[in-house]
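Content type compact mmCIF, C-alpha atoms and all ligand atoms, from the file input_12.txt:
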# COMPACT_ATOMS: atom_id res chain seq x y z
CA MET B 1 9.66 -19.49 20.62
CA PRO B 2 11.07 -20.40 17.17
CA ARG B 3 12.85 -17.70 15.26
CA ILE B 4 11.21 -17.13 11.90
CA GLY B 5 12.68 -15.75 8.69
CA ILE B 6 10.22 -14.30 6.19
CA LEU B 7 11.57 -14.30 2.64
CA ILE B 8 9.57 -12.21 0.20
CA VAL B 9 10.58 -12.55 -3.43
CA ALA B 10 9.92 -9.45 -5.50
CA ALA B 11 12.63 -9.57 -8.15
CA GLY B 12 10.39 -10.54 -11.08
CA LYS B 13 9.71 -8.45 -14.15
CA GLY B 14 5.94 -8.87 -14.18
CA GLU B 15 5.98 -9.59 -17.92
CA ARG B 16 2.46 -11.02 -18.07
CA MET B 17 1.15 -7.90 -16.33
CA GLY B 18 2.84 -5.55 -18.79
CA GLY B 19 2.98 -1.82 -18.01
CA THR B 20 6.01 0.33 -17.30
CA LEU B 21 6.29 -0.35 -13.57
CA PRO B 22 7.02 -3.92 -12.36
CA LYS B 23 3.69 -5.11 -10.92
CA GLN B 24 4.98 -5.43 -7.34
CA TYR B 25 5.41 -1.63 -7.21
CA ALA B 26 2.04 -0.81 -8.79
CA SER B 27 -0.56 0.67 -6.48
CA LEU B 28 -3.25 -1.59 -5.13
CA LEU B 29 -5.92 0.53 -3.47
CA GLY B 30 -3.42 3.27 -2.66
CA GLN B 31 -0.46 1.13 -1.59
CA PRO B 32 2.22 -0.66 -3.61
CA MET B 33 1.47 -4.38 -3.88
CA LEU B 34 4.86 -5.26 -2.34
CA ARG B 35 4.17 -3.07 0.69
CA ARG B 36 0.89 -4.91 1.26
CA SER B 37 2.63 -8.30 0.92
CA VAL B 38 5.29 -7.30 3.46
CA GLN B 39 2.78 -5.75 5.86
CA ALA B 40 0.77 -8.98 5.86
CA PHE B 41 3.60 -10.48 7.97
CA ALA B 42 3.91 -7.54 10.36
CA GLU B 43 2.28 -9.45 13.21
CA VAL B 44 4.53 -12.53 13.11
CA PRO B 45 6.44 -12.41 16.40
CA ASP B 46 10.24 -12.62 16.37
CA ALA B 47 10.43 -12.49 12.58
CA THR B 48 13.20 -11.22 10.32
CA ILE B 49 11.82 -10.04 7.00
CA GLN B 50 14.10 -10.25 3.95
CA VAL B 51 12.89 -8.85 0.63
CA MET B 52 14.55 -9.73 -2.68
CA ILE B 53 14.28 -7.07 -5.37
CA GLY B 54 15.37 -6.73 -8.98
CA ALA B 55 18.67 -5.07 -9.94
CA GLY B 56 18.26 -1.29 -10.16
CA GLN B 57 15.00 -1.26 -8.17
CA ASP B 58 16.48 0.24 -4.99
CA GLU B 59 14.74 3.58 -5.38
CA LEU B 60 11.37 2.03 -6.23
CA TYR B 61 11.81 -0.18 -3.18
CA ARG B 62 12.71 2.71 -0.88
CA ASP B 63 9.66 4.71 -1.97
CA ALA B 64 7.35 1.71 -1.65
CA MET B 65 8.55 0.89 1.88
CA ALA B 66 8.94 4.42 3.27
CA GLY B 67 8.36 4.50 7.02
CA LEU B 68 8.62 0.73 7.58
CA ASP B 69 11.38 -0.63 9.78
CA LEU B 70 12.99 -3.24 7.50
CA ALA B 71 16.40 -4.78 6.90
CA PRO B 72 17.94 -3.67 3.57
CA ALA B 73 16.65 -5.52 0.51
CA ALA B 74 18.98 -7.85 -1.40
CA THR B 75 19.17 -8.44 -5.13
CA GLY B 76 17.37 -11.46 -6.61
CA GLY B 77 18.36 -13.56 -9.59
CA ALA B 78 17.15 -14.31 -13.11
CA THR B 79 14.55 -16.84 -11.94
CA ARG B 80 12.33 -17.08 -8.88
CA GLN B 81 14.33 -20.12 -7.80
CA GLU B 82 17.57 -18.13 -7.92
CA SER B 83 15.99 -15.23 -6.04
CA VAL B 84 14.88 -17.60 -3.28
CA LEU B 85 18.30 -19.28 -3.01
CA ARG B 86 20.03 -15.89 -2.73
CA GLY B 87 17.54 -14.83 -0.09
CA LEU B 88 18.08 -18.00 1.92
CA GLU B 89 21.84 -17.40 1.80
CA VAL B 90 21.28 -13.87 3.19
CA LEU B 91 19.01 -15.21 5.97
CA ALA B 92 21.53 -17.98 6.77
CA VAL B 93 23.58 -15.43 8.74
CA LYS B 94 20.67 -15.21 11.18
CA ALA B 95 20.12 -19.01 11.14
CA PRO B 96 16.36 -18.86 11.84
CA ASP B 97 14.53 -22.05 12.83
CA PHE B 98 11.83 -21.67 10.18
CA VAL B 99 11.47 -19.70 6.99
CA LEU B 100 8.26 -18.67 5.23
CA ILE B 101 8.85 -18.04 1.52
CA HIS B 102 6.25 -15.77 -0.05
CA ASP B 103 5.58 -14.20 -3.45
CA ALA B 104 5.27 -10.43 -3.46
CA ALA B 105 2.55 -11.08 -6.03
CA ARG B 106 0.22 -12.47 -3.29
CA PRO B 107 -0.63 -9.32 -1.30
CA LEU B 108 -3.93 -10.67 0.04
CA VAL B 109 -2.56 -13.45 2.23
CA SER B 110 -4.41 -13.53 5.56
CA ARG B 111 -3.03 -13.68 9.07
CA ALA B 112 -4.95 -16.93 9.52
CA LEU B 113 -3.14 -18.60 6.62
CA ILE B 114 0.26 -17.39 7.83
CA GLY B 115 -0.60 -18.68 11.31
CA GLY B 116 -1.65 -22.05 9.86
CA VAL B 117 1.69 -22.51 8.08
CA ILE B 118 3.65 -21.63 11.23
CA ALA B 119 1.49 -23.94 13.36
CA ALA B 120 2.19 -26.88 11.02
CA LEU B 121 5.95 -26.28 11.33
CA GLU B 122 5.68 -26.01 15.10
CA ALA B 123 3.82 -29.33 15.08
CA GLY B 124 6.84 -30.99 13.46
CA ALA B 125 6.48 -30.71 9.67
CA ASP B 126 9.63 -30.09 7.59
CA ALA B 127 7.50 -28.19 5.10
CA ALA B 128 3.99 -26.71 5.22
CA VAL B 129 2.30 -25.70 2.00
CA PRO B 130 -1.10 -24.07 1.38
CA LEU B 131 -3.01 -26.17 -1.14
CA LEU B 132 -6.37 -25.74 -2.85
CA PRO B 133 -8.45 -28.08 -5.01
CA VAL B 134 -8.98 -27.34 -8.69
CA ALA B 135 -12.53 -26.30 -9.56
CA ASP B 136 -12.29 -26.00 -13.34
CA THR B 137 -12.23 -28.95 -15.71
CA LEU B 138 -8.74 -29.36 -17.11
CA ARG B 139 -7.89 -30.10 -20.73
CA LYS B 140 -4.67 -30.49 -22.63
CA LEU B 141 -3.73 -30.87 -26.26
CA GLU B 142 -1.95 -34.15 -26.96
CA ASP B 143 -0.88 -35.11 -30.50
CA GLY B 144 -3.31 -32.54 -31.92
CA LYS B 145 -6.23 -33.89 -29.90
CA TRP B 146 -7.91 -32.40 -26.81
CA ILE B 147 -8.07 -34.71 -23.87
CA THR B 148 -9.65 -34.11 -20.46
CA VAL B 149 -7.30 -34.41 -17.49
CA PRO B 150 -9.12 -35.84 -14.47
CA ARG B 151 -8.97 -33.11 -11.84
CA SER B 152 -9.68 -35.30 -8.84
CA GLY B 153 -6.61 -35.39 -6.65
CA LEU B 154 -5.06 -32.32 -8.34
CA LEU B 155 -4.18 -29.44 -6.06
CA ARG B 156 -2.90 -25.90 -6.56
CA ALA B 157 -0.01 -24.67 -4.40
CA GLN B 158 0.15 -21.14 -2.99
CA THR B 159 2.60 -19.22 -0.85
CA PRO B 160 3.67 -18.64 1.90
CA GLN B 161 5.33 -22.03 1.98
CA GLY B 162 7.00 -22.72 5.31
CA PHE B 163 10.09 -24.84 5.93
CA ARG B 164 12.67 -25.79 8.50
CA PHE B 165 15.30 -23.32 7.48
CA ALA B 166 18.33 -25.62 7.34
CA ALA B 167 16.41 -28.27 5.36
CA ILE B 168 15.16 -25.94 2.61
CA LEU B 169 18.50 -24.17 2.32
CA ARG B 170 20.16 -27.55 1.74
CA ALA B 171 17.46 -28.58 -0.75
CA HIS B 172 17.93 -25.34 -2.70
CA ARG B 173 21.71 -25.69 -2.76
CA ASP B 174 21.65 -29.38 -3.70
CA HIS B 175 19.09 -29.01 -6.50
CA ALA B 176 19.95 -25.58 -7.87
CA ALA B 177 20.52 -27.09 -11.32
CA GLN B 178 16.99 -28.48 -11.49
CA GLU B 179 14.43 -25.89 -12.62
CA VAL B 180 11.30 -25.73 -10.48
CA THR B 181 8.53 -23.14 -10.02
CA ASP B 182 8.16 -23.26 -6.25
CA ASP B 183 10.03 -24.36 -3.14
CA MET B 184 7.76 -27.26 -2.32
CA ALA B 185 9.10 -28.94 -5.50
CA LEU B 186 12.59 -28.82 -4.01
CA ALA B 187 11.31 -30.07 -0.67
CA GLU B 188 9.93 -33.09 -2.55
CA LEU B 189 13.25 -33.69 -4.30
CA ALA B 190 14.99 -33.55 -0.94
CA GLY B 191 12.50 -36.00 0.58
CA LEU B 192 11.24 -33.61 3.24
CA LYS B 193 8.09 -34.31 5.23
CA ILE B 194 5.49 -32.01 3.64
CA VAL B 195 2.21 -31.16 5.35
CA ALA B 196 -0.69 -29.49 3.54
CA VAL B 197 -2.55 -26.56 5.08
CA ALA B 198 -5.76 -25.18 3.61
CA GLY B 199 -5.05 -22.47 1.06
CA GLU B 200 -7.38 -19.54 0.47
CA GLU B 201 -9.12 -18.59 -2.77
CA THR B 202 -8.62 -14.94 -1.84
CA ASN B 203 -4.85 -15.46 -1.62
CA MET B 204 -4.67 -14.97 -5.37
CA LYS B 205 -1.47 -14.42 -7.32
CA VAL B 206 -1.75 -11.08 -9.10
CA THR B 207 -0.46 -12.05 -12.52
CA ASN B 208 -2.48 -10.58 -15.39
CA PRO B 209 -3.82 -7.03 -15.85
CA GLU B 210 -7.40 -8.03 -14.99
CA ASP B 211 -6.20 -9.43 -11.63
CA PHE B 212 -5.64 -5.91 -10.30
CA ALA B 213 -9.35 -5.07 -10.34
CA VAL B 214 -10.19 -8.39 -8.66
CA ALA B 215 -7.53 -7.87 -5.96
CA GLU B 216 -8.74 -4.30 -5.34
CA GLY B 217 -12.30 -5.59 -5.06
CA LEU B 218 -11.24 -8.18 -2.47
CA LEU B 219 -9.29 -5.55 -0.52
CA SER B 220 -12.25 -3.16 -0.60
CA ALA B 221 -14.47 -5.87 0.82
CA ARG B 222 -12.15 -6.00 3.86
CA LEU B 223 -12.65 -2.29 4.51
CA GLY B 224 -15.73 -2.57 6.68
CA GLU B 225 -15.44 0.46 8.93
CA ILE B 226 -16.68 3.76 7.55
CA ARG B 227 -15.51 6.91 9.36
CA THR B 228 -16.31 10.57 8.84
CA GLY B 229 -14.08 13.45 9.94
CA SER B 230 -14.63 17.19 9.98
CA GLY B 231 -12.20 20.10 9.95
CA TYR B 232 -12.44 23.88 10.25
CA ASP B 233 -9.87 26.64 9.82
CA VAL B 234 -9.70 30.44 9.71
CA HIS B 235 -6.98 32.79 8.51
CA ARG B 236 -6.86 36.60 8.70
CA PHE B 237 -6.38 38.88 5.69
CA VAL B 238 -3.22 41.04 5.72
CA PRO B 239 -1.67 43.25 3.02
CA GLY B 240 -0.46 41.27 0.02
CA ASP B 241 -1.26 40.32 -3.55
CA HIS B 242 -2.21 36.63 -3.47
CA VAL B 243 -3.66 33.89 -1.30
CA TRP B 244 -3.09 30.13 -1.28
CA LEU B 245 -6.36 28.19 -1.32
CA CYS B 246 -6.87 24.46 -1.89
CA GLY B 247 -3.31 24.18 -3.15
CA LEU B 248 -3.59 27.02 -5.70
CA LYS B 249 -1.98 30.44 -5.75
CA ILE B 250 -4.78 32.93 -6.43
CA PRO B 251 -4.19 36.63 -7.17
CA HIS B 252 -6.03 38.80 -4.61
CA ASP B 253 -5.81 42.29 -3.11
CA HIS B 254 -4.84 40.75 0.26
CA ALA B 255 -2.81 37.81 1.53
CA LEU B 256 -3.64 35.38 4.34
CA GLU B 257 -1.63 35.47 7.54
CA GLY B 258 -0.19 32.24 8.88
CA HIS B 259 2.95 30.35 9.87
CA SER B 260 2.74 28.13 6.77
CA ASP B 261 1.23 29.26 3.47
CA ALA B 262 -2.08 29.81 5.38
CA ASP B 263 -4.10 27.62 3.00
CA ALA B 264 -7.27 27.35 5.11
CA GLY B 265 -8.87 24.93 2.62
CA LEU B 266 -6.08 22.35 2.87
CA HIS B 267 -5.76 22.88 6.63
CA ALA B 268 -9.47 22.14 7.18
CA LEU B 269 -9.16 19.08 4.94
CA THR B 270 -6.06 17.83 6.77
CA ASP B 271 -7.88 18.16 10.10
CA ALA B 272 -10.88 16.31 8.69
CA ILE B 273 -8.68 13.36 7.70
CA LEU B 274 -6.86 13.36 11.05
CA GLY B 275 -10.25 13.47 12.75
CA ALA B 276 -11.56 10.50 10.78
CA VAL B 277 -8.65 8.31 11.89
CA GLY B 278 -8.40 9.72 15.44
CA GLU B 279 -4.90 11.14 14.98
CA GLY B 280 -5.24 14.50 16.70
CA ASP B 281 -5.09 17.74 14.76
CA ILE B 282 -2.78 19.57 12.38
CA GLY B 283 -1.15 21.61 15.15
CA MET B 284 -0.07 18.42 16.89
CA HIS B 285 1.66 17.08 13.78
CA PHE B 286 3.03 20.43 12.55
CA PRO B 287 3.43 22.80 15.54
CA PRO B 288 3.36 26.50 14.53
CA THR B 289 6.40 26.93 16.81
CA ASP B 290 8.46 24.64 14.55
CA GLU B 291 10.65 26.65 12.17
CA ARG B 292 10.55 23.79 9.64
CA TRP B 293 6.97 24.68 8.75
CA ARG B 294 7.48 28.44 8.26
CA GLY B 295 6.04 29.25 4.83
CA ALA B 296 5.57 25.52 4.18
CA PRO B 297 3.25 24.51 1.33
CA SER B 298 0.18 22.97 2.95
CA TRP B 299 -0.01 20.02 0.55
CA LYS B 300 2.76 18.56 2.72
CA PHE B 301 0.41 18.50 5.73
CA LEU B 302 -2.34 16.92 3.68
CA ASP B 303 0.03 14.35 2.20
CA HIS B 304 1.12 13.40 5.73
CA ALA B 305 -2.50 12.85 6.78
CA VAL B 306 -3.14 10.71 3.68
CA GLY B 307 -0.05 8.64 4.61
CA LEU B 308 -1.50 7.98 8.08
CA VAL B 309 -4.70 6.60 6.53
CA LEU B 310 -2.76 4.38 4.12
CA ARG B 311 -0.52 3.11 6.92
CA LYS B 312 -3.64 1.92 8.74
CA GLY B 313 -4.57 0.01 5.59
CA GLY B 314 -7.42 2.43 4.92
CA ILE B 315 -8.54 4.54 1.99
CA ILE B 316 -10.08 7.97 1.59
CA VAL B 317 -13.41 7.70 -0.18
CA HIS B 318 -14.52 11.28 -0.63
CA CYS B 319 -14.08 14.84 0.60
CA ASP B 320 -16.17 17.99 0.58
CA VAL B 321 -14.54 21.38 1.21
CA THR B 322 -16.47 24.63 1.72
CA ILE B 323 -14.70 27.99 1.54
CA ILE B 324 -16.48 30.81 3.37
CA CYS B 325 -15.56 34.30 2.12
CA GLU B 326 -16.83 37.34 0.20
CA ARG B 327 -13.66 37.56 -1.91
CA PRO B 328 -11.71 36.16 -3.70
CA LYS B 329 -14.38 34.60 -5.89
CA ILE B 330 -13.94 30.83 -5.76
CA GLY B 331 -16.10 29.88 -8.77
CA PRO B 332 -13.44 30.52 -11.44
CA HIS B 333 -10.91 28.35 -9.52
CA ARG B 334 -13.25 25.60 -8.34
CA GLU B 335 -12.38 22.96 -10.94
CA ALA B 336 -8.64 23.58 -10.64
CA MET B 337 -8.97 23.28 -6.83
CA ARG B 338 -10.80 19.96 -7.17
CA ALA B 339 -8.12 18.67 -9.52
CA LYS B 340 -5.32 19.75 -7.14
CA ILE B 341 -6.94 18.12 -4.12
CA ALA B 342 -7.67 14.95 -6.14
CA GLU B 343 -3.97 14.81 -7.05
CA ILE B 344 -2.80 15.13 -3.42
CA LEU B 345 -5.38 12.65 -2.11
CA ARG B 346 -4.76 10.29 -5.05
CA LEU B 347 -8.51 10.24 -5.66
CA ASP B 348 -10.63 10.48 -8.77
CA VAL B 349 -11.81 14.08 -9.14
CA SER B 350 -15.43 12.89 -8.99
CA ARG B 351 -14.78 12.07 -5.31
CA VAL B 352 -13.66 15.62 -4.50
CA SER B 353 -16.06 18.50 -3.93
CA VAL B 354 -15.15 22.17 -3.48
CA LYS B 355 -17.91 24.64 -2.68
CA ALA B 356 -18.00 28.29 -1.61
CA THR B 357 -20.41 30.51 0.22
CA THR B 358 -20.52 34.05 1.55
CA THR B 359 -22.04 35.07 4.88
CA GLU B 360 -24.11 37.88 3.34
CA GLY B 361 -21.81 40.56 4.73
CA LEU B 362 -22.22 39.27 8.30
CA GLY B 363 -19.45 38.42 10.74
CA PHE B 364 -15.67 38.49 10.20
CA THR B 365 -15.89 36.86 6.79
CA GLY B 366 -18.61 39.34 5.81
CA ARG B 367 -16.41 42.25 6.90
CA ARG B 368 -13.60 40.68 4.82
CA GLU B 369 -11.28 40.47 7.82
CA GLY B 370 -10.41 36.89 6.95
CA LEU B 371 -11.78 33.71 5.46
CA ALA B 372 -12.85 30.33 6.81
CA ALA B 373 -12.93 26.83 5.41
CA GLN B 374 -14.62 23.66 6.54
CA ALA B 375 -14.18 20.12 5.29
CA LEU B 376 -15.71 16.69 5.61
CA VAL B 377 -14.08 13.44 4.59
CA THR B 378 -15.16 9.83 4.47
CA VAL B 379 -12.54 7.18 5.16
CA LYS B 380 -12.77 3.39 5.10
CA LEU B 381 -10.62 1.33 7.46
CA PRO B 382 -10.08 -2.45 7.74
N1 LIG U 401 10.35 -13.44 -8.74
C1 LIG U 401 11.61 -13.16 -8.27
N2 LIG U 401 12.69 -13.28 -9.09
C2 LIG U 401 12.53 -13.66 -10.37
C3 LIG U 401 11.25 -13.94 -10.88
C4 LIG U 401 10.15 -13.83 -10.02
O1 LIG U 401 11.78 -12.80 -7.11
N3 LIG U 401 13.60 -13.71 -11.15
C5 LIG U 401 9.19 -13.24 -7.84
C6 LIG U 401 8.17 -12.24 -8.40
O2 LIG U 401 8.55 -10.90 -8.10
C7 LIG U 401 6.88 -12.66 -7.75
C8 LIG U 401 7.09 -14.15 -7.49
O3 LIG U 401 8.46 -14.43 -7.73
O4 LIG U 401 6.65 -12.01 -6.51
C9 LIG U 401 6.20 -15.00 -8.39
O5 LIG U 401 6.51 -14.73 -9.73
P1 LIG U 401 5.50 -14.20 -10.83
O6 LIG U 401 4.16 -14.01 -10.26
O7 LIG U 401 5.70 -15.05 -12.03
O8 LIG U 401 6.05 -12.71 -11.09
P2 LIG U 401 6.92 -12.20 -12.30
O9 LIG U 401 7.97 -13.20 -12.61
O10 LIG U 401 7.35 -10.83 -11.93
O11 LIG U 401 5.83 -12.11 -13.46
P3 LIG U 401 5.96 -12.68 -14.95
O12 LIG U 401 6.23 -14.15 -14.80
O13 LIG U 401 4.62 -12.37 -15.55
O14 LIG U 401 7.08 -11.94 -15.60
MG MG U 402 7.43 -15.20 -13.33
Rewrite the structure from the file as structure tokens, please.
Amino acid sequence: MPRIGILIVAAGKGERMGGTLPKQYASLLGQPMLRRSVQAFAEVPDATIQVMIGAGQDELYRDAMAGLDLAPAATGGATRQESVLRGLEVLAVKAPDFVLIHDAARPLVSRALIGGVIAALEAGADAAVPLLPVADTLRKLEDGKWITVPRSGLLRAQTPQGFRFAAILRAHRDHAAQEVTDDMALAELAGLKIVAVAGEETNMKVTNPEDFAVAEGLLSARLGEIRTGSGYDVHRFVPGDHVWLCGLKIPHDHALEGHSDADAGLHALTDAILGAVGEGDIGMHFPPTDERWRGAPSWKFLDHAVGLVLRKGGIIVHCDVTIICERPKIGPHREAMRAKIAEILRLDVSRVSVKATTTEGLGFTGRREGLAAQALVTVKLP
């Protein structure tokens, strides 16, 4: 089994994208683009993943990769070529047999394409590069005149580009002075045996602002499985002067009893999300016997459940929470509750519903001994 290094270059500034955050850290359907690009390689057996990041981006990187088991990132250079060379030097310590070099800006790469590149290397190629034909007619301005460039025979190169590790490291070192835009160009200069594999139109390079919407559309199309989850929770009224409900502190002539902040609305919602992805219930993740959760704000539980969905590559589509009580009156707080939940779920507020009902004086909620909440969520998974 060959040992494979995966080098992901993410040290660019994303100047064509604009915006305050470098594009590789911007969210693409709920997850940073770089995280998606790295996760695309999660199934490669025996791989060492090395990510190259820009100077001063350590914190952005840590946040983007939270929970993933990765070697520390290293710092890239002023050009992509420099970032790759530095990355190869870091990987050289491990001396892998092959290396796949991939742009963080291509988060949609498929397992099939990655497998195709590895297979070509295993079959004896020095270099394996995904290529695609050009569909548009090409023109260029020459001496003030437009001329058509025949497109037949022209191909577009994508990443990941795969190489025998020692050969591409040597090519990068030997030709560092020559400016190129990808690693295949260096493989050519070094006279390596290059094999083409079929690229994928969907393996787009996210470059300009409009590319984000296209990439999100392609990702959405991969989310074929629709799941629904339900949750229910009850807390008892005790003496006090406020309750927590749907993430808000609401003045009331009683408080709610509980180990955490007793926010029945967020607890029901957390259980609904856990239910949709088959991850047990809130008590399993946050046992009431655990002192860490005494008085804890319940948005932490909800945030954890959202993280589980994202880690599965899924998204939350919508939620509907119903609070069942005589008092406090929910109506005056409804919009603020929706906004709070939307913030925690990272959803547009139009996808969040909060409703309330009484039980006409019947039962424990009718007798004002406590209140109940129920929730439904819809989740999409790959
Ligand atoms: N890259 C890098 N180091 C650099 C420049 C680019 O690691 N000095 C990486 C980018 O982060 C990206 C990949 O190379 O994942 C391809 O580059 P590109 O799409 O051009 O990204 P940016 O250079 O960030 O964007 P721009 O050219 O618009 O500034
Ligand atoms: Mg660039």
Counting all atoms listed in the file, give me one row per residue of range 239-341 of chain B with an atom at most 12 Å from an atom of range 32-38 of chain B, showing the shortest contact pair and its distance in Å to one decimal, sorted by chain then residue number, as JSON lines.
{"residue": "B:Leu310", "atom": "CA", "partner": "B:Arg36", "partner_atom": "CA", "distance": 10.4}
{"residue": "B:Arg311", "atom": "CA", "partner": "B:Arg36", "partner_atom": "CA", "distance": 9.9}
{"residue": "B:Lys312", "atom": "CA", "partner": "B:Arg36", "partner_atom": "CA", "distance": 11.1}
{"residue": "B:Gly313", "atom": "CA", "partner": "B:Arg36", "partner_atom": "CA", "distance": 8.5}
{"residue": "B:Gly314", "atom": "CA", "partner": "B:Arg36", "partner_atom": "CA", "distance": 11.7}
File of the preceding selection, C-alpha atoms, as a JSON list (two decimals), in the coordinates of the input:
[["chain", "number", "residue", "atom", "x", "y", "z"],
["B", 310, "LEU", "CA", -2.76, 4.38, 4.12],
["B", 311, "ARG", "CA", -0.52, 3.11, 6.92],
["B", 312, "LYS", "CA", -3.64, 1.92, 8.74],
["B", 313, "GLY", "CA", -4.57, 0.01, 5.59],
["B", 314, "GLY", "CA", -7.42, 2.43, 4.92]]
Nearby residues, ligand LIG 401 (chain U), 6 Å, all atoms listed in the file, as number ranges by chain: B: 9-17, 76-80, 83, 103-105, 207
Tell me, as a list of chain:residue names, which residues lie within 9 Å of range 178-186 of chain B, counting only C-alpha atoms; anything in the same chain fewer than 4 positions away does not count.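 Close residues of range 178-186 of chain B: B:Thr79, B:Arg80, B:Gln81, B:Val84, B:Ile101, B:Ala127, B:Ala128, B:Val129, B:Ala157, B:Gln158, B:Thr159, B:Gln161, B:Gly162, B:Phe163, B:Ile168, B:Ala171, B:His172, B:Ala190, B:Gly191, B:Leu192, B:Ile194.
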Long-range neighbours of Ala268 in chain B as a compact mmCIF listing (two decimals) with C-alpha atoms, keeping the file's coordinate frame, 10 Å cut-off, only C-alpha atoms, 4 positions minimum in chain:
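File written: result-v1.txt
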# COMPACT_ATOMS: atom_id res chain seq x y z
CA SER B 230 -14.63 17.19 9.98
CA GLY B 231 -12.20 20.10 9.95
CA TYR B 232 -12.44 23.88 10.25
CA ASP B 233 -9.87 26.64 9.82
CA VAL B 234 -9.70 30.44 9.71
CA CYS B 246 -6.87 24.46 -1.89
CA ASP B 263 -4.10 27.62 3.00
CA ALA B 264 -7.27 27.35 5.11
CA ALA B 272 -10.88 16.31 8.69
CA ILE B 273 -8.68 13.36 7.70
CA LEU B 274 -6.86 13.36 11.05
CA ASP B 281 -5.09 17.74 14.76
CA ILE B 282 -2.78 19.57 12.38
CA LEU B 302 -2.34 16.92 3.68
CA VAL B 321 -14.54 21.38 1.21
CA THR B 322 -16.47 24.63 1.72
CA ILE B 323 -14.70 27.99 1.54
CA ALA B 372 -12.85 30.33 6.81
CA ALA B 373 -12.93 26.83 5.41
CA GLN B 374 -14.62 23.66 6.54
CA ALA B 375 -14.18 20.12 5.29
CA LEU B 376 -15.71 16.69 5.61
Neighbours of range 345-351 of chain B within 9 Å (all atoms listed in the file; same-chain residues fewer than 5 positions away dropped), as JSON, numbers by chain? {"B": [30, 302, 303, 306, 316, 317, 318, 319, 320, 338, 339, 340]}
For CA of Arg164 in chain B and CA of Ile8 in chain B, determine how far apart the two atoms are, in Å to one decimal place.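 Separation of CA of Arg164 in chain B and CA of Ile8 in chain B: 16.2 Å.
Minimum distance to ligand MG 402 (chain U) across B:Arg111, B:Arg156, B:Arg170, B:Lys205 (counting only C-alpha atoms and all ligand atoms) occurs at B:Lys205.
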Under the rule that all atoms listed in the file are counted, which of B:Gly144, B:Pro107, B:Pro297, B:Gly5 is the nearest residue to Leu29 in chain B? B:Pro107
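Nearest residue to ligand MG 402 (chain U) among B:Leu219, B:Val238, B:Ala166, B:Val206 is B:Val206, counting only C-alpha atoms and all ligand atoms.
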A straight line from CA of Ala276 in chain B to CA of Thr228 in chain B spans 5.1 Å
Selected residue of minimal separation from Asp290 in chain B among B:Ala47, B:Phe41, B:Ser260, B:Pro22, counting only C-alpha atoms: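 Using only C-alpha atoms, Asp290 in chain B sits closest to B:Ser260.
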Please report the interatomic distance between CA of Thr378 in chain B and CA of Ile315 in chain B in Å with one decimal. 8.8 Å
Generate N, CA, C and O atoms for range 179-187 of chain B and emit them as a CSV table (one decimal), keeping the file's coordinate frame.
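The new file selection_2.csv reads:
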chain,number,residue,atom,x,y,z
B,179,GLU,N,15.4,-27.0,-12.6
B,179,GLU,CA,14.4,-25.9,-12.6
B,179,GLU,C,13.1,-26.3,-12.1
B,179,GLU,O,12.4,-27.2,-12.5
B,180,VAL,N,12.6,-25.5,-11.1
B,180,VAL,CA,11.3,-25.7,-10.5
B,180,VAL,C,10.6,-24.4,-10.3
B,180,VAL,O,11.2,-23.3,-10.4
B,181,THR,N,9.3,-24.4,-10.1
B,181,THR,CA,8.5,-23.1,-10.0
B,181,THR,C,8.2,-22.7,-8.6
B,181,THR,O,7.8,-21.6,-8.3
B,182,ASP,N,8.3,-23.7,-7.6
B,182,ASP,CA,8.2,-23.3,-6.2
B,182,ASP,C,9.1,-24.1,-5.3
B,182,ASP,O,9.8,-25.0,-5.8
B,183,ASP,N,9.1,-23.8,-4.1
B,183,ASP,CA,10.0,-24.4,-3.1
B,183,ASP,C,9.6,-25.7,-2.6
B,183,ASP,O,10.4,-26.6,-2.3
B,184,MET,N,8.3,-25.9,-2.7
B,184,MET,CA,7.8,-27.3,-2.3
B,184,MET,C,8.4,-28.3,-3.2
B,184,MET,O,8.7,-29.4,-2.8
B,185,ALA,N,8.5,-28.0,-4.5
B,185,ALA,CA,9.1,-28.9,-5.5
B,185,ALA,C,10.5,-29.4,-5.1
B,185,ALA,O,10.9,-30.6,-5.2
B,186,LEU,N,11.2,-28.5,-4.5
B,186,LEU,CA,12.6,-28.8,-4.0
B,186,LEU,C,12.5,-29.6,-2.7
B,186,LEU,O,13.3,-30.5,-2.5
B,187,ALA,N,11.5,-29.3,-1.9
B,187,ALA,CA,11.3,-30.1,-0.7
B,187,ALA,C,11.0,-31.5,-1.0
B,187,ALA,O,11.5,-32.5,-0.4
